[in-house]
file data-v3.cif (mmCIF, C-alpha atoms)
data_start
loop_
_atom_site.label_atom_id
_atom_site.label_comp_id
_atom_site.auth_asym_id
_atom_site.auth_seq_id
_atom_site.Cartn_x
_atom_site.Cartn_y
_atom_site.Cartn_z
CA MET I 25 -53.06 -86.32 3.53
CA PHE I 26 -51.64 -84.93 6.72
CA GLY I 27 -50.45 -87.28 9.45
CA GLY I 28 -50.68 -86.33 13.10
CA CYS I 29 -47.46 -85.03 14.60
CA GLY I 30 -46.11 -82.92 17.40
CA LEU I 31 -43.38 -80.30 17.33
CA ARG I 32 -41.11 -82.01 19.84
CA LEU I 33 -37.68 -82.45 18.27
CA PRO I 34 -35.70 -85.64 18.89
CA SER I 35 -32.83 -85.47 21.31
CA LEU I 36 -30.61 -87.71 19.21
CA SER I 37 -28.66 -86.33 16.29
CA ARG I 38 -29.10 -88.07 12.97
CA ARG I 39 -25.54 -89.35 13.17
CA ASP I 40 -26.33 -91.08 16.46
CA SER I 41 -29.83 -92.25 15.62
CA PRO I 42 -30.73 -95.66 17.03
CA ARG I 43 -29.89 -98.52 14.75
CA HIS I 44 -33.14 -100.40 15.36
CA GLY I 45 -33.70 -103.93 14.14
CA SER I 46 -33.10 -107.13 16.04
CA ASP I 47 -32.12 -110.72 15.54
CA ASP I 48 -30.23 -110.03 12.31
CA THR I 49 -27.34 -112.40 12.95
CA GLN I 50 -28.48 -114.66 10.11
CA LYS I 51 -29.18 -111.88 7.62
CA ASP I 52 -26.96 -110.89 4.73
CA PRO I 53 -26.39 -107.11 4.65
CA VAL I 54 -28.45 -104.93 2.31
CA LEU I 55 -27.06 -101.91 0.47
CA LEU I 56 -29.55 -99.43 -1.03
CA VAL I 57 -28.32 -97.46 -4.07
CA SER I 58 -30.25 -94.40 -5.27
CA GLY I 59 -30.74 -93.00 -8.78
CA ILE I 60 -30.64 -89.56 -10.38
CA GLY I 61 -31.91 -86.90 -7.99
CA GLY I 62 -32.12 -89.52 -5.24
CA SER I 63 -29.38 -88.29 -2.90
CA ILE I 64 -29.12 -85.24 -0.67
CA LEU I 65 -26.41 -82.87 -1.89
CA ASN I 66 -24.80 -80.33 0.46
CA SER I 67 -22.59 -77.38 -0.35
CA LYS I 68 -19.52 -77.28 1.90
CA HIS I 69 -17.71 -73.98 2.28
CA LYS I 70 -14.01 -74.46 1.57
CA LYS I 71 -12.85 -72.06 4.29
CA ASN I 72 -15.10 -72.61 7.28
CA GLY I 73 -16.57 -76.03 6.43
CA SER I 74 -20.17 -74.84 6.87
CA LEU I 75 -22.80 -77.04 5.23
CA LEU I 76 -25.99 -76.09 3.40
CA ARG I 77 -28.41 -78.55 1.85
CA VAL I 78 -28.91 -77.53 -1.78
CA TRP I 79 -30.69 -80.67 -3.04
CA VAL I 80 -33.41 -81.37 -2.15
CA ARG I 81 -34.83 -78.29 -0.50
CA ILE I 82 -38.33 -76.89 -0.78
CA LEU I 83 -37.79 -73.37 0.59
CA PHE I 84 -35.52 -71.07 -1.49
CA SER I 85 -34.87 -74.05 -3.76
CA ASN I 86 -34.37 -72.18 -7.03
CA TYR I 87 -32.01 -69.59 -5.55
CA GLU I 88 -29.73 -72.06 -3.75
CA PHE I 89 -29.78 -74.45 -6.72
CA LYS I 90 -28.50 -71.75 -9.09
CA LYS I 91 -25.93 -70.46 -6.62
CA CYS I 92 -24.46 -73.83 -5.69
CA LEU I 93 -25.31 -76.49 -8.26
CA TRP I 94 -25.03 -74.80 -11.63
CA SER I 95 -21.90 -76.32 -13.08
CA THR I 96 -19.67 -76.80 -16.10
CA TYR I 97 -17.98 -79.95 -17.32
CA ASN I 98 -14.21 -80.42 -17.00
CA PRO I 99 -13.09 -82.72 -19.84
CA LYS I 100 -9.72 -83.31 -18.15
CA SER I 101 -11.24 -84.85 -15.02
CA GLY I 102 -14.45 -86.16 -16.60
CA SER I 103 -16.48 -84.45 -13.86
CA THR I 104 -18.83 -81.51 -13.72
CA GLU I 105 -17.72 -78.76 -11.35
CA THR I 106 -19.78 -76.10 -9.60
CA LEU I 107 -19.43 -72.53 -10.80
CA ASN I 108 -19.18 -71.34 -7.19
CA PRO I 109 -15.43 -71.25 -6.39
CA ASP I 110 -16.00 -71.13 -2.63
CA ILE I 111 -17.75 -74.48 -2.16
CA ASP I 112 -17.55 -78.18 -2.80
CA ILE I 113 -20.58 -80.40 -3.35
CA VAL I 114 -20.68 -83.30 -0.90
CA VAL I 115 -23.05 -86.13 -0.02
CA PRO I 116 -23.73 -86.64 3.72
CA GLU I 117 -22.58 -90.01 5.08
CA ASP I 118 -24.70 -89.87 8.25
CA ASP I 119 -26.65 -92.89 9.43
CA PHE I 120 -24.40 -95.33 7.55
CA GLY I 121 -25.25 -93.70 4.23
CA LEU I 122 -29.01 -94.01 4.75
CA TYR I 123 -29.67 -90.38 5.73
CA SER I 124 -28.85 -89.05 2.25
CA ILE I 125 -31.35 -91.34 0.47
CA ASP I 126 -34.15 -91.44 3.05
CA ILE I 127 -36.18 -88.19 3.14
CA LEU I 128 -34.51 -85.86 0.66
CA ASP I 129 -35.67 -82.71 2.46
CA PRO I 130 -35.52 -83.81 6.12
CA ALA I 131 -36.76 -80.50 7.52
CA TRP I 132 -39.02 -81.06 10.54
CA TRP I 133 -42.02 -79.42 8.88
CA VAL I 134 -41.67 -81.70 5.82
CA LYS I 135 -41.95 -84.69 8.12
CA CYS I 136 -44.86 -83.16 10.03
CA LEU I 137 -46.81 -82.44 6.84
CA HIS I 138 -45.69 -85.78 5.41
CA VAL I 139 -44.65 -84.33 2.04
CA THR I 140 -44.19 -87.70 0.35
CA ASP I 141 -42.77 -86.17 -2.85
CA VAL I 142 -39.39 -86.07 -1.10
CA TYR I 143 -39.73 -89.43 0.69
CA HIS I 144 -37.29 -91.55 -1.30
CA PHE I 145 -36.08 -94.82 0.26
CA HIS I 146 -37.88 -93.96 3.50
CA ASP I 147 -40.58 -96.62 3.37
CA MET I 148 -38.19 -99.33 2.20
CA ILE I 149 -35.75 -98.51 5.00
CA ASN I 150 -38.57 -98.79 7.54
CA MET I 151 -39.76 -102.04 5.99
CA LEU I 152 -36.30 -103.59 6.27
CA ILE I 153 -35.85 -102.38 9.84
CA ASN I 154 -39.21 -103.90 10.76
CA CYS I 155 -37.97 -107.15 9.25
CA GLY I 156 -35.03 -107.15 11.64
CA TYR I 157 -32.28 -105.38 9.68
CA THR I 158 -29.97 -103.13 11.68
CA LYS I 159 -28.47 -99.86 10.51
CA GLY I 160 -24.70 -100.12 10.36
CA THR I 161 -24.65 -103.92 10.64
CA THR I 162 -26.99 -105.29 8.00
CA LEU I 163 -28.45 -102.13 6.45
CA PHE I 164 -26.54 -99.42 4.56
CA GLY I 165 -27.17 -96.75 1.94
CA TYR I 166 -25.11 -95.30 -0.89
CA GLY I 167 -25.88 -91.79 -2.03
CA TYR I 168 -23.62 -90.07 -4.54
CA ASP I 169 -23.28 -86.92 -6.64
CA PHE I 170 -25.74 -87.86 -9.37
CA ARG I 171 -24.57 -85.01 -11.63
CA GLN I 172 -21.48 -87.04 -12.42
CA SER I 173 -20.79 -89.93 -14.74
CA ASN I 174 -21.88 -93.37 -13.60
CA ARG I 175 -18.31 -94.59 -14.13
CA LEU I 176 -16.40 -91.73 -12.49
CA ASP I 177 -13.60 -93.00 -10.24
CA LYS I 178 -14.96 -91.18 -7.18
CA ALA I 179 -18.34 -92.89 -7.48
CA MET I 180 -16.76 -96.28 -8.16
CA ASN I 181 -14.39 -95.99 -5.21
CA GLY I 182 -17.24 -94.89 -2.94
CA LEU I 183 -19.32 -97.92 -3.88
CA LYS I 184 -16.35 -100.20 -3.37
CA MET I 185 -15.77 -98.83 0.13
CA LYS I 186 -19.45 -99.16 0.97
CA LEU I 187 -19.50 -102.82 -0.10
CA GLN I 188 -16.39 -103.52 1.96
CA THR I 189 -17.90 -101.75 4.98
CA ALA I 190 -21.15 -103.73 4.76
CA TYR I 191 -19.25 -107.01 4.28
CA ASN I 192 -16.99 -106.42 7.28
CA ALA I 193 -19.71 -105.03 9.57
CA SER I 194 -21.87 -108.10 9.04
CA GLY I 195 -19.08 -110.50 9.89
CA GLY I 196 -18.03 -111.39 6.35
CA LYS I 197 -21.44 -111.94 4.75
CA LYS I 198 -21.91 -111.07 1.10
CA VAL I 199 -24.04 -108.04 0.31
CA ASN I 200 -27.49 -107.83 -1.30
CA ILE I 201 -27.75 -104.68 -3.44
CA ILE I 202 -31.09 -102.99 -4.08
CA SER I 203 -30.75 -100.22 -6.68
CA HIS I 204 -33.28 -97.80 -8.12
CA SER I 205 -33.39 -96.16 -11.55
CA MET I 206 -29.98 -94.78 -12.64
CA GLY I 207 -28.47 -96.46 -9.58
CA GLY I 208 -28.74 -99.69 -11.58
CA LEU I 209 -26.51 -98.19 -14.29
CA LEU I 210 -23.95 -97.16 -11.67
CA VAL I 211 -23.94 -100.70 -10.24
CA ARG I 212 -23.59 -102.12 -13.75
CA CYS I 213 -20.60 -99.86 -14.47
CA PHE I 214 -19.01 -100.96 -11.20
CA MET I 215 -19.63 -104.61 -12.05
CA HIS I 216 -17.79 -104.13 -15.34
CA LEU I 217 -14.87 -102.09 -13.98
CA HIS I 218 -14.44 -104.08 -10.74
CA LYS I 219 -15.80 -107.51 -11.59
CA ASP I 220 -13.60 -109.34 -9.05
CA VAL I 221 -14.65 -107.02 -6.24
CA PHE I 222 -18.30 -107.36 -7.25
CA GLU I 223 -18.05 -111.14 -7.30
CA ASN I 224 -16.28 -111.26 -3.93
CA TYR I 225 -18.70 -108.97 -2.08
CA VAL I 226 -22.12 -109.30 -3.75
CA ASN I 227 -24.62 -112.08 -3.25
CA ARG I 228 -27.77 -110.72 -4.92
CA TRP I 229 -28.57 -107.67 -7.00
CA ILE I 230 -32.19 -106.48 -7.11
CA THR I 231 -32.78 -103.52 -9.39
CA ILE I 232 -35.94 -101.43 -9.70
CA ALA I 233 -36.97 -99.27 -12.69
CA THR I 234 -33.53 -99.12 -14.29
CA PRO I 235 -33.27 -97.53 -17.78
CA PHE I 236 -30.91 -100.18 -19.15
CA GLN I 237 -31.36 -98.91 -22.72
CA GLY I 238 -32.03 -95.29 -21.82
CA ALA I 239 -35.17 -93.25 -21.21
CA PRO I 240 -35.86 -91.77 -24.66
CA GLY I 241 -38.77 -89.39 -24.17
CA CYS I 242 -37.72 -88.01 -20.79
CA ILE I 243 -34.02 -87.62 -21.53
CA ASN I 244 -34.38 -86.22 -25.06
CA ASP I 245 -36.80 -83.60 -23.77
CA SER I 246 -34.60 -82.82 -20.75
CA PHE I 247 -31.84 -81.61 -23.07
CA LEU I 248 -34.27 -79.27 -24.81
CA THR I 249 -36.74 -77.97 -22.21
CA GLY I 250 -35.55 -79.28 -18.84
CA LEU I 251 -36.88 -81.66 -16.23
CA GLN I 252 -39.72 -81.25 -13.77
CA PHE I 253 -40.01 -83.45 -10.67
CA VAL I 254 -43.30 -82.10 -9.29
CA TYR I 255 -46.33 -80.48 -10.89
CA GLY I 256 -49.25 -78.27 -9.94
CA PHE I 257 -49.01 -75.80 -7.07
CA LYS I 258 -46.08 -77.77 -5.58
CA SER I 259 -43.91 -76.70 -8.51
CA PHE I 260 -43.89 -73.12 -7.17
CA PHE I 261 -41.84 -74.34 -4.18
CA PHE I 262 -39.39 -76.45 -6.17
CA VAL I 263 -36.57 -76.01 -8.69
CA SER I 264 -38.00 -74.69 -11.95
CA ARG I 265 -37.90 -76.72 -15.16
CA TRP I 266 -35.49 -74.30 -16.89
CA THR I 267 -33.20 -73.93 -13.86
CA MET I 268 -32.87 -77.71 -13.88
CA HIS I 269 -32.23 -77.66 -17.63
CA GLN I 270 -29.21 -75.41 -17.25
CA LEU I 271 -27.63 -77.95 -14.92
CA LEU I 272 -28.50 -81.06 -16.92
CA VAL I 273 -26.83 -79.80 -20.10
CA GLU I 274 -23.52 -80.18 -18.24
CA CYS I 275 -24.30 -83.48 -16.46
CA PRO I 276 -22.54 -86.61 -17.80
CA SER I 277 -25.13 -88.82 -16.08
CA LEU I 278 -27.90 -87.44 -18.29
CA TYR I 279 -25.93 -88.07 -21.50
CA GLU I 280 -25.41 -91.65 -20.34
CA MET I 281 -29.18 -92.20 -20.30
CA LEU I 282 -29.77 -91.16 -23.91
CA PRO I 283 -31.53 -93.96 -25.85
CA ASN I 284 -29.12 -96.69 -26.87
CA PRO I 285 -28.76 -96.38 -30.69
CA LYS I 286 -27.66 -100.03 -30.95
CA PHE I 287 -30.70 -101.42 -29.17
CA ASN I 288 -33.36 -103.08 -31.31
CA TRP I 289 -36.30 -100.88 -30.28
CA LYS I 290 -39.81 -101.95 -31.22
CA GLU I 291 -40.18 -98.38 -32.46
CA GLN I 292 -37.03 -96.29 -32.89
CA PRO I 293 -37.33 -93.27 -30.53
CA SER I 294 -37.62 -89.97 -32.36
CA ILE I 295 -37.95 -86.23 -31.93
CA GLN I 296 -40.41 -84.52 -34.25
CA VAL I 297 -40.35 -80.81 -35.07
CA TRP I 298 -42.92 -78.87 -37.06
CA ARG I 299 -40.70 -76.42 -38.98
CA LYS I 300 -41.68 -73.24 -40.78
CA TYR I 301 -39.67 -72.33 -43.86
CA THR I 302 -39.96 -68.89 -45.44
CA GLU I 303 -37.54 -69.19 -48.35
CA GLY I 304 -39.51 -69.14 -51.56
CA ASP I 305 -43.07 -70.21 -50.92
CA GLU I 306 -43.78 -70.40 -47.19
CA SER I 307 -44.21 -73.97 -46.07
CA VAL I 308 -44.54 -76.08 -42.96
CA LYS I 309 -42.85 -79.47 -42.72
CA LEU I 310 -42.71 -82.17 -40.08
CA GLU I 311 -39.06 -83.11 -39.53
CA VAL I 312 -38.26 -86.40 -37.79
CA TYR I 313 -34.94 -86.97 -36.01
CA LYS I 314 -34.02 -90.52 -35.01
CA SER I 315 -31.12 -91.95 -33.04
CA MET I 316 -27.90 -90.05 -33.74
CA GLU I 317 -29.77 -87.53 -35.91
CA CYS I 318 -30.99 -86.05 -32.63
CA ILE I 319 -27.45 -84.83 -31.94
CA ASN I 320 -27.76 -82.41 -34.86
CA LEU I 321 -31.04 -81.17 -33.39
CA PHE I 322 -29.51 -80.70 -29.93
CA ASN I 323 -26.62 -78.78 -31.46
CA GLY I 324 -28.95 -76.50 -33.38
CA ALA I 325 -31.40 -75.89 -30.55
CA LEU I 326 -28.72 -75.21 -27.91
CA ARG I 327 -26.20 -73.32 -30.02
CA ASN I 328 -27.02 -70.02 -28.29
CA ASN I 329 -27.90 -71.42 -24.88
CA GLU I 330 -26.25 -69.60 -21.98
CA LEU I 331 -26.71 -68.75 -18.34
CA THR I 332 -25.78 -65.73 -16.28
CA TYR I 333 -23.74 -66.36 -13.14
CA SER I 334 -22.27 -63.61 -10.95
CA GLY I 335 -22.94 -61.12 -13.73
CA LYS I 336 -21.13 -63.14 -16.38
CA SER I 337 -22.65 -64.94 -19.37
CA ILE I 338 -21.53 -68.56 -19.73
CA ALA I 339 -22.18 -70.47 -22.95
CA LEU I 340 -23.91 -73.86 -22.45
CA PRO I 341 -24.28 -75.53 -25.86
CA PHE I 342 -24.88 -79.23 -26.24
CA ASN I 343 -21.61 -80.65 -24.93
CA LEU I 344 -19.88 -82.92 -27.44
CA SER I 345 -17.07 -83.69 -24.97
CA ILE I 346 -19.58 -85.17 -22.55
CA LEU I 347 -21.28 -87.02 -25.42
CA LYS I 348 -17.94 -88.66 -26.29
CA TRP I 349 -17.43 -89.66 -22.64
CA ALA I 350 -20.98 -91.02 -22.47
CA ALA I 351 -20.37 -93.12 -25.59
CA GLY I 352 -17.56 -94.82 -23.68
CA THR I 353 -19.90 -95.45 -20.78
CA ARG I 354 -22.49 -96.97 -23.12
CA GLN I 355 -19.85 -99.37 -24.45
CA MET I 356 -19.15 -100.51 -20.89
CA LEU I 357 -22.84 -100.93 -20.13
CA ASP I 358 -23.37 -102.99 -23.28
CA ILE I 359 -20.58 -105.48 -22.58
CA ALA I 360 -20.93 -105.79 -18.78
CA GLN I 361 -21.28 -109.41 -17.67
CA LEU I 362 -23.02 -110.71 -14.57
CA PRO I 363 -20.83 -113.07 -12.52
CA ASP I 364 -22.27 -116.59 -12.26
CA SER I 365 -22.16 -116.39 -8.46
CA VAL I 366 -24.50 -113.35 -8.30
CA ASP I 367 -28.29 -113.74 -8.44
CA PHE I 368 -29.99 -110.96 -10.40
CA TYR I 369 -33.61 -109.79 -10.09
CA ASN I 370 -35.28 -107.09 -12.16
CA ILE I 371 -38.47 -105.22 -11.16
CA TYR I 372 -39.89 -102.66 -13.56
CA GLY I 373 -43.03 -100.57 -13.72
CA ILE I 374 -45.92 -100.84 -16.14
CA ALA I 375 -49.45 -99.46 -16.71
CA TYR I 376 -48.33 -95.80 -16.88
CA ASP I 377 -48.05 -93.70 -20.04
CA THR I 378 -44.32 -93.24 -20.57
CA PRO I 379 -42.85 -90.70 -23.03
CA HIS I 380 -41.13 -92.30 -26.02
CA ASN I 381 -41.31 -89.82 -28.90
CA VAL I 382 -41.36 -86.04 -28.44
CA CYS I 383 -42.89 -83.43 -30.71
CA TYR I 384 -42.39 -79.64 -30.73
CA GLY I 385 -44.58 -77.13 -32.49
CA SER I 386 -47.62 -77.96 -34.58
CA ASP I 387 -48.96 -77.51 -38.09
CA ALA I 388 -50.75 -74.39 -36.88
CA SER I 389 -47.88 -73.09 -34.74
CA PRO I 390 -44.59 -74.27 -36.30
CA ILE I 391 -41.01 -73.64 -35.15
CA SER I 392 -39.09 -71.07 -37.21
CA ASP I 393 -35.71 -71.32 -35.48
CA LEU I 394 -34.55 -74.45 -33.63
CA SER I 395 -33.67 -72.40 -30.55
CA GLU I 396 -37.40 -71.78 -30.07
CA ILE I 397 -37.78 -75.43 -29.06
CA CYS I 398 -36.17 -74.73 -25.70
CA HIS I 399 -39.12 -72.56 -24.74
CA THR I 400 -41.83 -74.77 -26.20
CA MET I 401 -43.79 -77.30 -24.21
CA PRO I 402 -43.44 -80.80 -25.63
CA GLU I 403 -46.11 -83.18 -26.84
CA TYR I 404 -45.38 -86.86 -26.22
CA SER I 405 -46.37 -90.14 -27.77
CA TYR I 406 -46.38 -92.85 -25.15
CA VAL I 407 -45.51 -96.47 -24.55
CA ASP I 408 -46.07 -98.68 -21.54
CA GLY I 409 -43.81 -98.17 -18.54
CA ASP I 410 -43.60 -96.42 -15.17
CA GLY I 411 -44.12 -92.90 -16.46
CA THR I 412 -40.38 -92.25 -16.77
CA VAL I 413 -38.71 -95.46 -17.99
CA SER I 414 -40.38 -97.66 -20.59
CA ALA I 415 -40.94 -101.32 -19.81
CA GLU I 416 -39.06 -102.11 -23.02
CA SER I 417 -35.90 -100.41 -21.74
CA ALA I 418 -36.18 -101.53 -18.11
CA GLU I 419 -36.66 -105.22 -18.86
CA ALA I 420 -33.79 -105.32 -21.39
CA ASP I 421 -31.00 -105.96 -18.88
CA GLY I 422 -29.37 -108.68 -21.01
CA PHE I 423 -28.58 -110.84 -18.00
CA LYS I 424 -29.65 -114.33 -16.99
CA ALA I 425 -32.14 -113.14 -14.38
CA LYS I 426 -33.50 -115.25 -11.57
CA ALA I 427 -36.70 -113.24 -11.98
CA ARG I 428 -37.76 -110.40 -14.23
CA VAL I 429 -41.12 -109.04 -13.10
CA ALA I 430 -43.45 -106.20 -14.13
CA VAL I 431 -45.37 -104.37 -11.40
CA LYS I 432 -48.10 -101.81 -11.87
CA GLY I 433 -46.51 -98.70 -10.45
CA GLU I 434 -45.03 -95.27 -11.08
CA HIS I 435 -41.27 -94.72 -11.23
CA ARG I 436 -40.64 -93.24 -7.79
CA SER I 437 -43.60 -94.83 -6.04
CA LEU I 438 -42.19 -98.30 -6.77
CA LEU I 439 -39.89 -97.63 -3.80
CA ARG I 440 -42.91 -97.74 -1.49
CA ASN I 441 -44.99 -100.30 -3.39
CA GLU I 442 -46.26 -103.16 -1.20
CA THR I 443 -46.05 -105.63 -4.07
CA VAL I 444 -42.40 -104.71 -4.57
CA PHE I 445 -41.81 -105.13 -0.83
CA LYS I 446 -43.32 -108.62 -0.89
CA MET I 447 -41.00 -109.67 -3.70
CA ILE I 448 -37.94 -108.19 -2.01
CA LYS I 449 -38.76 -110.02 1.22
CA GLN I 450 -39.14 -113.28 -0.67
CA TRP I 451 -35.91 -112.89 -2.62
CA LEU I 452 -33.97 -111.89 0.50
CA GLY I 453 -35.33 -114.96 2.27
CA ILE I 454 -37.26 -112.93 4.82
CA THR I 455 -40.42 -114.89 4.02
CA GLN I 456 -40.69 -118.39 2.72
CA GLN I 457 -41.65 -118.74 -0.92
CA PRO I 458 -45.34 -119.60 -1.05
CA PRO I 459 -46.51 -122.58 -3.09
CA GLN I 460 -48.80 -120.46 -5.28
CA SER I 461 -47.68 -118.80 -8.48
CA LEU I 462 -46.30 -115.26 -8.29
CA GLY I 463 -49.41 -113.87 -9.99
CA SER I 464 -51.78 -115.39 -7.44
CA VAL I 465 -49.74 -114.18 -4.47
CA PHE I 466 -49.22 -110.65 -5.80
CA PRO I 467 -52.33 -109.54 -7.73
CA GLU I 468 -50.63 -106.36 -9.00
CA LEU I 469 -47.69 -108.36 -10.34
CA ILE I 470 -47.31 -109.62 -13.88
CA PRO I 471 -44.61 -112.31 -14.08
CA MET I 472 -42.45 -112.10 -17.16
CA SER I 473 -39.38 -114.31 -17.62
CA ILE I 474 -38.25 -116.33 -14.61
#

call {"tool": "encode", "arguments": {"input": "data-v3.cif", "output": "structure tokens"}}
result
Amino acid sequence: MFGGCGLRLPSLSRRDSPRHGSDDTQKDPVLLVSGIGGSILNSKHKKNGSLLRVWVRILFSNYEFKKCLWSTYNPKSGSTETLNPDIDIVVPEDDFGLYSIDILDPAWWVKCLHVTDVYHFHDMINMLINCGYTKGTTLFGYGYDFRQSNRLDKAMNGLKMKLQTAYNASGGKKVNIISHSMGGLLVRCFMHLHKDVFENYVNRWITIATPFQGAPGCINDSFLTGLQFVYGFKSFFFVSRWTMHQLLVECPSLYEMLPNPKFNWKEQPSIQVWRKYTEGDESVKLEVYKSMECINLFNGALRNNELTYSGKSIALPFNLSILKWAAGTRQMLDIAQLPDSVDFYNIYGIAYDTPHNVCYGSDASPISDLSEICHTMPEYSYVDGDGTVSAESAEADGFKAKARVAVKGEHRSLLRNETVFKMIKQWLGITQQPPQSLGSVFPELIPMSI
């Protein structure tokens, strides 16, 4: 578990870290785009400019998260804004955008103990460098404020600038995008809103574990009980499930990953609630909420939800203004078209139980008031996927893909999966395509539509 390491600190700052790589004059640049929770977020003091990493951090994580990241949505700007009036939330641009998506808590002791839970694009970055890619010339990263909408102007403009930078730095070569999870939705929004720019600057788009039609079980439950990134004893050092919940209720990005009600699901996602009724004869009933019916459930369960910040109570009900904005985003995602000049590849995970339906309460222990759901642990029914995104959602990109391939792997670990790396190398032209079939070359790989 623990790798050998010394305590000697490097003499180079992260901004001036060596670019590495060699012989990349023939390579098209690669841009890595992270998903939800996949970028470092810093708080920047408005007066003195001091920076503090607030996501991800392992020590004092809950305290700093509440103080700096708890937010409310501004319907005028379409963005969620921190409750702390003294700071702004910023994403570090160091190392050509790669620093913010590499190791999400880059503290020296995290690296020494090799805490892989916060190693995000780290292994993929190293793989590409070992293949001859050079930071700042043919290798770039794009981290962003993942609390915000996937179509917010700031995120779109940032991606546009990053594509232009990669194109110019490589001597006018088109860019190969590799996105993960929600990062694929952000790229898809950009492709719709800036189709000409996308066509002019992008050569290939490889996406990994993207919830094209939403992530029903995980997202539905996140609105009600929160989201947990690590489990077991590690959870004591990380942001708590409920602390995360109080942020997500005000995050447009989460609303944009609700299950697509227009998608033809094999089984319509649902939330089930065992309800106790005391009027007349006491009875227990199983109520089933599907598609847009879930909105009524969210409204009922979160009607009294609030947080306390600086001694003040702030109401945080289910936000219908964000829901309206997210509906507009879903329309964009549904009609986005892939330019003929761009090759598209889709990798998604399978062989892991992935939440699809969620149930609260039981026949023996029913829910009396809907607000009780928020403090009830869920029970899931599962489908095949990567543990977070179902294969059904991830493979339903709607594009004419060059390859659409299932790999046995968990959602985050796909970013360090050797089978995934082999495919990326092949599609980027790093290795010649072998004469055997994909299944015989990659034993963990299940080819779908090519």

call {"tool": "residues_around", "arguments": {"input": "data-v3.cif", "residues": "stretch 67-77 of chain I", "least_positions_apart": "2", "cutoff": "8 Å", "atoms": "only C-alpha atoms", "output": "list in words"}}
result
Ile64, Leu65, Trp79, Val80, Arg81, Cys92, Asp110, Ile111, Asp112, Ile113 and Val114 of chain I

call {"tool": "residues_near_point", "arguments": {"input": "data-v3.cif", "point": "(-24.4, -95.8, 5.3)", "cutoff": "10 Å", "atoms": "only C-alpha atoms", "output": "PDB file with C-alpha atoms, in the coordinates of the input"}}
result
ATOM      1  CA  LEU I  55     -27.060-101.910   0.470  1.00  0.00           C
ATOM      2  CA  LEU I  56     -29.550 -99.430  -1.030  1.00  0.00           C
ATOM      3  CA  PRO I 116     -23.730 -86.640   3.720  1.00  0.00           C
ATOM      4  CA  GLU I 117     -22.580 -90.010   5.080  1.00  0.00           C
ATOM      5  CA  ASP I 118     -24.700 -89.870   8.250  1.00  0.00           C
ATOM      6  CA  ASP I 119     -26.650 -92.890   9.430  1.00  0.00           C
ATOM      7  CA  PHE I 120     -24.400 -95.330   7.550  1.00  0.00           C
ATOM      8  CA  GLY I 121     -25.250 -93.700   4.230  1.00  0.00           C
ATOM      9  CA  LEU I 122     -29.010 -94.010   4.750  1.00  0.00           C
ATOM     10  CA  TYR I 123     -29.670 -90.380   5.730  1.00  0.00           C
ATOM     11  CA  SER I 124     -28.850 -89.050   2.250  1.00  0.00           C
ATOM     12  CA  ILE I 125     -31.350 -91.340   0.470  1.00  0.00           C
ATOM     13  CA  LYS I 159     -28.470 -99.860  10.510  1.00  0.00           C
ATOM     14  CA  GLY I 160     -24.700-100.120  10.360  1.00  0.00           C
ATOM     15  CA  THR I 161     -24.650-103.920  10.640  1.00  0.00           C
ATOM     16  CA  LEU I 163     -28.450-102.130   6.450  1.00  0.00           C
ATOM     17  CA  PHE I 164     -26.540 -99.420   4.560  1.00  0.00           C
ATOM     18  CA  GLY I 165     -27.170 -96.750   1.940  1.00  0.00           C
ATOM     19  CA  TYR I 166     -25.110 -95.300  -0.890  1.00  0.00           C
ATOM     20  CA  GLY I 167     -25.880 -91.790  -2.030  1.00  0.00           C
ATOM     21  CA  LYS I 186     -19.450 -99.160   0.970  1.00  0.00           C
ATOM     22  CA  THR I 189     -17.900-101.750   4.980  1.00  0.00           C
ATOM     23  CA  ALA I 190     -21.150-103.730   4.760  1.00  0.00           C
TER      24      ALA I 190
END

call {"tool": "resolve_selection", "arguments": {"input": "data-v3.cif", "expression": "the PyMOL selection byres ((chain I and resi 360-366) around 8)", "output": "VMD selection string"}}
result
chain I and resid 212 to 213 215 to 216 219 223 226 to 229 356 to 359 367 to 368 423 to 424

call {"tool": "write_last_selection", "arguments": {"input": "data-v3.cif", "atoms": "C-alpha atoms", "output": "tab-separated table (two decimals), in the frame of the given file"}}
result
chain	number	residue	atom	x	y	z
I	212	ARG	CA	-23.59	-102.12	-13.75
I	213	CYS	CA	-20.60	-99.86	-14.47
I	215	MET	CA	-19.63	-104.61	-12.05
I	216	HIS	CA	-17.79	-104.13	-15.34
I	219	LYS	CA	-15.80	-107.51	-11.59
I	223	GLU	CA	-18.05	-111.14	-7.30
I	226	VAL	CA	-22.12	-109.30	-3.75
I	227	ASN	CA	-24.62	-112.08	-3.25
I	228	ARG	CA	-27.77	-110.72	-4.92
I	229	TRP	CA	-28.57	-107.67	-7.00
I	356	MET	CA	-19.15	-100.51	-20.89
I	357	LEU	CA	-22.84	-100.93	-20.13
I	358	ASP	CA	-23.37	-102.99	-23.28
I	359	ILE	CA	-20.58	-105.48	-22.58
I	367	ASP	CA	-28.29	-113.74	-8.44
I	368	PHE	CA	-29.99	-110.96	-10.40
I	423	PHE	CA	-28.58	-110.84	-18.00
I	424	LYS	CA	-29.65	-114.33	-16.99

call {"tool": "resolve_selection", "arguments": {"input": "data-v3.cif", "expression": "the PyMOL selection byres ((chain I and resi 315) around 10)", "output": "ChimeraX atom specification"}}
result
/I:240,282-286,292-295,313-314,316-319

call {"tool": "resolve_selection", "arguments": {"input": "data-v3.cif", "expression": "the PyMOL selection byres ((chain I and resi 140) around 12)", "output": "MDAnalysis selection string"}}
result
chainID I and resid 25:27 126:130 134:139 141:147 254 258 436:437 439:440
